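A.B. asks: Got structure22.txt for you, compact mmCIF, C-alpha atoms:
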```txt
# COMPACT_ATOMS: atom_id res chain seq x y z
CA MET P 26 52.60 16.62 -9.36
CA ALA P 27 51.79 19.13 -12.07
CA ASP P 28 51.12 18.17 -15.67
CA PRO P 29 54.03 19.63 -17.67
CA GLU P 30 51.54 20.94 -20.25
CA THR P 31 48.96 22.14 -17.79
CA THR P 32 48.48 24.95 -15.35
CA ARG P 33 45.54 24.00 -13.17
CA PRO P 34 42.83 26.53 -12.32
CA SER P 35 43.58 28.31 -9.07
CA ALA P 36 40.42 27.08 -7.35
CA ALA P 37 41.12 24.28 -4.86
CA ARG P 38 39.34 20.95 -5.38
CA PRO P 39 36.90 19.34 -2.90
CA GLY P 40 38.59 17.35 -0.21
CA GLY P 41 41.99 18.63 -1.25
CA ARG P 42 41.86 19.29 -5.05
CA THR P 43 39.02 21.74 -5.74
CA ARG P 44 35.80 22.70 -4.11
CA GLY P 45 33.34 23.33 -6.92
CA THR P 46 29.61 23.75 -7.15
CA GLY P 47 27.63 20.59 -6.45
CA ARG P 48 24.91 19.94 -9.02
CA SER P 49 22.18 17.67 -7.64
CA LYS P 50 18.88 16.39 -8.89
CA VAL P 51 16.11 18.79 -8.00
CA GLY P 52 13.62 17.18 -5.67
CA ALA P 53 15.81 14.19 -4.82
CA ALA P 54 14.77 12.35 -1.71
CA PRO P 55 16.66 13.46 1.40
CA GLY P 56 19.51 11.08 2.06
CA ALA P 57 19.98 10.11 -1.60
CA ILE P 58 23.50 10.51 -2.92
CA GLY P 59 22.24 13.23 -5.25
CA SER P 60 21.34 15.50 -2.32
CA PRO P 61 22.63 16.02 1.23
CA PRO P 62 21.04 13.87 3.95
CA ARG P 63 18.26 15.48 5.95
CA GLU P 64 20.46 15.70 9.06
CA ILE P 65 23.91 16.99 8.14
CA ALA P 66 26.75 16.51 10.61
CA ARG P 67 27.09 19.33 13.12
CA VAL P 68 30.53 19.91 14.54
CA ASP P 69 30.71 19.58 18.30
CA TRP P 70 34.13 20.75 19.36
CA ARG P 71 33.92 19.01 22.76
CA HIS P 72 32.52 15.58 21.94
CA SER P 73 32.82 12.87 19.30
CA LEU P 74 31.34 13.65 15.89
CA GLY P 75 28.62 11.50 14.36
CA LEU P 76 29.12 11.44 10.60
CA ASN P 77 26.47 11.17 7.91
CA THR P 78 27.98 8.83 5.35
CA ALA P 79 26.98 6.95 2.23
CA HIS P 80 28.77 4.34 0.14
CA CYS P 81 29.13 5.26 -3.51
CA THR P 82 31.05 4.71 -6.71
CA ILE P 83 33.48 7.57 -7.24
CA VAL P 84 34.39 8.86 -10.69
CA VAL P 85 36.78 11.80 -11.07
CA VAL P 86 37.84 13.15 -14.47
CA ASP P 87 39.97 15.99 -15.71
CA VAL P 88 40.93 17.33 -19.12
CA GLU P 89 44.48 16.79 -20.30
CA GLY P 90 46.25 20.12 -20.88
CA PHE P 91 43.18 22.18 -19.95
CA GLY P 92 45.28 25.13 -18.78
CA ARG P 93 47.64 25.06 -21.76
CA HIS P 94 48.63 28.65 -22.63
CA SER P 95 47.57 28.23 -26.25
CA ARG P 96 43.98 27.62 -25.15
CA ILE P 97 42.03 30.85 -24.71
CA ASN P 98 38.90 31.13 -22.58
CA PRO P 99 36.42 30.48 -25.43
CA ASN P 100 38.30 27.23 -26.14
CA LYS P 101 38.01 26.25 -22.48
CA VAL P 102 34.28 27.00 -22.34
CA ARG P 103 33.66 24.83 -25.41
CA ILE P 104 35.83 22.08 -23.91
CA ARG P 105 33.84 22.15 -20.66
CA CYS P 106 30.56 22.05 -22.57
CA GLY P 107 31.82 19.15 -24.66
CA MET P 108 33.12 17.31 -21.60
CA TYR P 109 29.79 17.51 -19.79
CA ARG P 110 27.84 16.58 -22.89
CA ALA P 111 30.10 13.57 -23.53
CA ILE P 112 29.85 12.38 -19.92
CA GLU P 113 26.08 12.82 -19.69
CA ARG P 114 25.53 11.03 -23.00
CA ALA P 115 27.84 8.20 -21.93
CA PHE P 116 25.91 7.82 -18.68
CA ALA P 117 22.62 7.74 -20.61
CA ALA P 118 23.98 5.18 -23.09
CA THR P 119 24.94 2.83 -20.25
CA ASP P 120 21.76 3.26 -18.18
CA ILE P 121 23.52 5.07 -15.33
CA PRO P 122 21.04 7.75 -14.19
CA TRP P 123 22.95 11.04 -14.23
CA ASP P 124 20.30 12.81 -12.15
CA ALA P 125 20.56 10.18 -9.40
CA CYS P 126 24.26 11.03 -8.97
CA ARG P 127 25.88 13.96 -7.24
CA HIS P 128 28.18 15.82 -9.64
CA GLN P 129 30.52 18.59 -8.58
CA ASP P 130 32.32 20.85 -11.02
CA LEU P 131 36.12 21.03 -10.66
CA GLY P 132 36.94 23.71 -13.21
CA ASP P 133 38.98 21.40 -15.43
CA GLY P 134 36.95 18.29 -14.66
CA VAL P 135 34.12 16.85 -12.60
CA LEU P 136 33.58 14.65 -9.54
CA VAL P 137 30.68 12.19 -9.79
CA LEU P 138 29.31 10.19 -6.87
CA ALA P 139 26.93 7.39 -7.80
CA PRO P 140 24.70 5.72 -5.18
CA ALA P 141 25.51 2.20 -4.09
CA GLN P 142 22.38 0.73 -5.70
CA ILE P 143 23.80 1.46 -9.17
CA SER P 144 25.85 -1.56 -10.21
CA LYS P 145 29.59 -0.92 -10.32
CA THR P 146 29.87 -3.24 -13.30
CA LEU P 147 28.12 -0.62 -15.44
CA PHE P 148 31.09 1.68 -14.88
CA ALA P 149 33.69 -1.01 -15.49
CA ASP P 150 31.98 -2.75 -18.43
CA LEU P 151 30.14 -0.07 -20.39
CA LEU P 152 30.80 3.50 -19.31
CA LEU P 153 34.46 3.74 -20.34
CA GLY P 154 33.92 2.63 -23.92
CA ALA P 155 30.83 4.82 -24.29
CA LEU P 156 32.73 7.83 -22.98
CA ALA P 157 35.62 7.22 -25.38
CA ASP P 158 33.14 7.09 -28.27
CA GLU P 159 31.56 10.39 -27.23
CA LEU P 160 34.93 12.10 -26.86
CA SER P 161 36.02 10.88 -30.28
CA ALA P 162 32.82 12.19 -31.83
CA HIS P 163 33.36 15.60 -30.18
CA ASN P 164 36.94 15.76 -31.38
CA ALA P 165 35.96 14.94 -34.95
CA VAL P 166 34.00 18.20 -35.28
CA HIS P 167 36.20 20.56 -33.24
CA PRO P 168 39.55 22.22 -33.94
CA PRO P 169 42.69 20.94 -32.16
CA LEU P 170 42.52 23.50 -29.35
CA GLU P 171 39.02 22.32 -28.43
CA ARG P 172 39.59 18.59 -28.63
CA ILE P 173 39.27 16.62 -25.41
CA ARG P 174 41.30 13.84 -23.88
CA LEU P 175 40.35 12.82 -20.37
CA ARG P 176 42.00 11.17 -17.40
CA LEU P 177 39.53 9.25 -15.27
CA ALA P 178 39.89 7.72 -11.80
CA LEU P 179 37.48 5.00 -10.67
CA HIS P 180 37.10 4.10 -7.01
CA ALA P 181 34.40 3.28 -4.43
CA GLY P 182 34.00 3.94 -0.73
CA GLU P 183 32.37 5.90 2.05
CA VAL P 184 31.62 9.59 1.57
CA SER P 185 30.77 11.98 4.43
CA TYR P 186 28.40 14.94 4.10
CA ASP P 187 28.79 18.22 5.96
CA ASP P 188 27.48 21.76 5.64
CA TYR P 189 29.89 22.46 2.78
CA GLY P 190 29.45 19.41 0.59
CA VAL P 191 31.23 16.05 0.69
CA THR P 192 34.56 14.75 1.88
CA GLY P 193 36.25 11.54 2.91
CA SER P 194 39.38 9.48 2.46
CA SER P 195 37.82 7.65 -0.48
CA ILE P 196 37.41 10.91 -2.42
CA LEU P 197 40.96 11.94 -1.57
CA HIS P 198 42.23 8.57 -2.74
CA ALA P 199 40.45 8.89 -6.09
CA GLN P 200 41.86 12.39 -6.58
CA GLN P 201 45.36 11.19 -5.74
CA LEU P 202 45.01 8.42 -8.31
CA LEU P 203 43.99 10.99 -10.92
CA ASP P 204 47.22 12.90 -10.25
CA ALA P 205 49.43 9.80 -10.64
CA PRO P 206 52.42 10.59 -12.92
CA ASP P 207 52.09 7.17 -14.58
CA LEU P 208 48.53 8.01 -15.67
CA LYS P 209 49.57 11.34 -17.17
CA SER P 210 52.54 9.74 -18.88
CA ALA P 211 50.43 6.90 -20.29
CA LEU P 212 47.96 9.28 -21.92
CA ALA P 213 50.72 11.56 -23.23
CA LYS P 214 52.33 8.64 -25.07
CA THR P 215 49.21 7.50 -26.93
CA LYS P 216 46.48 8.74 -29.26
CA ALA P 217 43.74 7.31 -27.02
CA VAL P 218 41.09 9.77 -25.88
CA LEU P 219 40.70 8.32 -22.38
CA ALA P 220 43.17 7.09 -19.77
CA VAL P 221 41.60 5.23 -16.85
CA ILE P 222 43.12 4.48 -13.47
CA ALA P 223 41.18 2.09 -11.23
CA SER P 224 41.90 1.64 -7.57
CA ASP P 225 43.23 -1.74 -6.53
CA TRP P 226 39.95 -2.46 -4.72
CA VAL P 227 37.80 -1.72 -7.79
CA PHE P 228 40.06 -3.80 -10.02
CA ASP P 229 40.20 -6.75 -7.63
CA GLU P 230 36.53 -6.77 -6.66
CA VAL P 231 34.82 -5.61 -9.85
CA ILE P 232 36.93 -5.42 -13.01
CA ARG P 233 38.79 -8.73 -12.87
CA HIS P 234 35.57 -10.68 -12.24
CA SER P 235 33.77 -9.33 -15.30
CA GLU P 236 34.08 -10.86 -18.75
CA ARG P 237 33.11 -7.55 -20.37
CA SER P 238 35.48 -5.20 -18.54
CA ALA P 239 38.60 -5.83 -20.70
CA ALA P 240 40.52 -6.68 -17.53
CA VAL P 241 43.52 -7.88 -19.54
CA ALA P 242 43.92 -4.36 -20.94
CA TYR P 243 44.83 -2.99 -17.48
CA HIS P 244 48.37 -2.98 -16.13
CA PRO P 245 49.41 -2.41 -12.51
CA VAL P 246 51.29 0.68 -11.36
CA GLY P 247 52.52 1.91 -8.02
CA THR P 248 51.26 5.27 -6.80
CA GLY P 249 51.88 7.36 -3.71
CA SER P 250 48.63 6.03 -2.29
CA GLY P 251 49.14 2.37 -3.21
CA LYS P 252 48.70 0.00 -6.12
CA ALA P 253 46.40 0.92 -9.00
CA TRP P 254 45.55 -0.25 -12.52
CA ILE P 255 45.74 1.74 -15.76
CA ARG P 256 43.96 1.21 -19.06
CA LEU P 257 43.92 3.31 -22.24
CA VAL P 258 40.62 3.49 -24.10
CA ALA P 259 40.12 4.48 -27.74
CA ALA P 260 36.84 4.76 -29.62
CA SER P 261 35.92 1.95 -31.98
CA PRO P 262 35.82 2.87 -35.71
CA VAL P 263 32.16 1.85 -35.96
CA ALA P 264 31.19 3.87 -32.90
CA ARG P 265 33.21 6.83 -34.14
CA ARG P 266 31.28 6.98 -37.41
CA ARG P 267 27.93 6.43 -35.70
CA ASP P 268 28.48 9.04 -33.01
CA LEU P 269 29.92 11.59 -35.43
CA ALA P 270 26.68 11.39 -37.41
CA ARG P 271 24.67 11.78 -34.21
CA TRP P 272 26.68 14.82 -33.10
CA HIS P 273 26.01 16.46 -36.46
CA ARG P 274 22.31 15.67 -36.12
CA LEU P 275 21.82 16.72 -32.49
CA GLY P 276 24.37 19.54 -32.30
```
Could you write out this file's structure as structure tokens?

C.D. replies:
Amino acid sequence: MADPETTRPSAARPGGRTRGTGRSKVGAAPGAIGSPPREIARVDWRHSLGLNTAHCTIVVVDVEGFGRHSRINPNKVRIRCGMYRAIERAFAATDIPWDACRHQDLGDGVLVLAPAQISKTLFADLLLGALADELSAHNAVHPPLERIRLRLALHAGEVSYDDYGVTGSSILHAQQLLDAPDLKSALAKTKAVLAVIASDWVFDEVIRHSERSAAVAYHPVGTGSGKAWIRLVAASPVARRRDLARWHRLG
């Protein structure tokens, strides 16, 4: 369902939303989530297909109102640069190795696949707050048309590799969560910089068991693909001042 303020880029996303350019760690070991497995699935039209799969944490984000008519292309380029910088810094701040993940550009967002050996609690406990801080710091030094608010879907599951990239029902589910009208509406009604939607599995198995995940801040919603949990995340005043100074220093 389309964002009333947004016209999405015309490119189609991977697995149903957009197929972008995968950006993987150079020299990653074959079979790591950051690079395709050594033996990629070959389609045999007559027999059953053996899939090459890996379990991973799935993060999908997109920028609220990215395609808004008032935003010209230079605004969008600066937004994309700021989005990637905020995400990469948030990953670094929470000890999630960005280069160990597969990241695929979506035009108005990014798909990140993290290998199973990276603890899911890092995403639930630390990443969201760190990302909100980085977004707030970006917004403090940019004009309104280049300020960023993100929607983020968090899920986990099996991902299949083929000659063209990655696919799988888990990726489709995460993308469907990101398009949930309740998520868009929740962000539109607040000044928060980040709206998170977690799959029911991630909430039940990861978030609710952690004392640092702010589980009570989530509320359940129904989506076309099942139950999910939404949380709005704002930067803390202390972090906002600290990160603003850092953005001025690092550029």

A.B. asks: Would you compute the distance between atom CA of P:Val184 and atom CA of P:Gln142? Give it in Å to one decimal.

C.D. replies: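 Computing the Euclidean distance for atom CA of P:Val184 and atom CA of P:Gln142 yields 14.7 Å.
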
A.B. asks: Looking at P:Ala253, P:Ile232, P:Leu208, P:Ala139, which one is nearest to P:Ile83, with distances taken over all atoms listed in the file?

C.D. replies: P:Ala139

A.B. asks: Return the single residue from P:Pro122, P:Gly132, P:Gly193, P:Pro169 that is closest to P:Thr78, with distances computed using all atoms listed in the file.

C.D. replies: P:Gly193

A.B. asks: Ranking P:Arg127, P:Arg96, P:His163, P:Arg237 by minimum distance to P:Arg114 and counting all atoms listed in the file, which one comes first?

C.D. replies: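 Nearest to P:Arg114: P:His163.
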
A.B. asks: Nearest residue to P:Ala157 out of P:Leu175, P:Leu202, P:Thr248, P:Cys126, using all atoms listed in the file?

C.D. replies: P:Leu175

A.B. asks: Residues within 8 Å of (32.3, 2.7, -0.3), file coordinates, counting only C-alpha atoms: what are they? Give the list as a PyMOL selection string.

C.D. replies: chain P and resi 79-82+141+181-184+195

A.B. asks: Neighbours of P:Val88 within 7 Å (only C-alpha atoms; same-chain residues fewer than 6 positions away dropped), as a PDB file with C-alpha atoms, in the coordinates of the input?

C.D. replies:
```
ATOM      1  CA  ASP P 133      38.980  21.400 -15.430  1.00  0.00           C
ATOM      2  CA  GLY P 134      36.950  18.290 -14.660  1.00  0.00           C
ATOM      3  CA  ILE P 173      39.270  16.620 -25.410  1.00  0.00           C
ATOM      4  CA  ARG P 174      41.300  13.840 -23.880  1.00  0.00           C
ATOM      5  CA  LEU P 175      40.350  12.820 -20.370  1.00  0.00           C
ATOM      6  CA  ARG P 176      42.000  11.170 -17.400  1.00  0.00           C
TER       7      ARG P 176
END
```

A.B. asks: Calculated over only C-alpha atoms, which of the candidates P:Thr192, P:Gly249, P:Tyr186, P:Lys214 has the smallest distance to P:Leu76?

C.D. replies: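 Nearest to P:Leu76: P:Tyr186.
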
A.B. asks: Could you give me, as a PDB file with C-alpha atoms, in the frame of the given file, the residues within 8 Å of P:Leu177, counting all atoms listed in the file and dropping anything in the same chain fewer than 4 positions from it?

C.D. replies:
```
ATOM      1  CA  VAL P  84      34.390   8.860 -10.690  1.00  0.00           C
ATOM      2  CA  VAL P  85      36.780  11.800 -11.070  1.00  0.00           C
ATOM      3  CA  VAL P  86      37.840  13.150 -14.470  1.00  0.00           C
ATOM      4  CA  ASP P  87      39.970  15.990 -15.710  1.00  0.00           C
ATOM      5  CA  LEU P 203      43.990  10.990 -10.920  1.00  0.00           C
ATOM      6  CA  LEU P 219      40.700   8.320 -22.380  1.00  0.00           C
ATOM      7  CA  ALA P 220      43.170   7.090 -19.770  1.00  0.00           C
ATOM      8  CA  VAL P 221      41.600   5.230 -16.850  1.00  0.00           C
ATOM      9  CA  ILE P 222      43.120   4.480 -13.470  1.00  0.00           C
TER      10      ILE P 222
END
```

A.B. asks: Calculated over all atoms listed in the file, which of the candidates P:Glu171, P:Asp120, P:Asp187, P:Asp225 has the smallest distance to P:Pro99?

C.D. replies: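 Going through P:Glu171, P:Asp120, P:Asp187, P:Asp225 one by one, the smallest distance to P:Pro99 is for P:Glu171.
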
A.B. asks: Go ahead and compute the interatomic distance for atom CA of P:Ser250 and atom CA of P:Val137, in Å to one decimal.

C.D. replies: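 Separation between atom CA of P:Ser250 and atom CA of P:Val137: 20.4 Å.
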
A.B. asks: Between atom CA of P:Val135 and atom CA of P:Ser235, what distance in Å does the model show, to one decimal?

C.D. replies: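 If I compute the distance from atom CA of P:Val135 to atom CA of P:Ser235, I get 26.3 Å.
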
A.B. asks: Neighbours of P:Phe116 within 10 Å (all atoms listed in the file; same-chain residues fewer than 4 positions away dropped), as an MDAnalysis selection string?

C.D. replies: chainID P and resid 110:112 120:124 147:148 151:153 155:156

A.B. asks: For stretch 93-108 of chain P, take all atoms listed in the file, fit an axis-aligned box around them, add 4 Å to each of the six sides, then output centre and edge lengths in Å rounded to one decimal, as JSON.

C.D. replies:
```
{"center_x": 39.6, "center_y": 24.2, "center_z": -23.5, "size_x": 26.1, "size_y": 21.8, "size_z": 13.6}
```
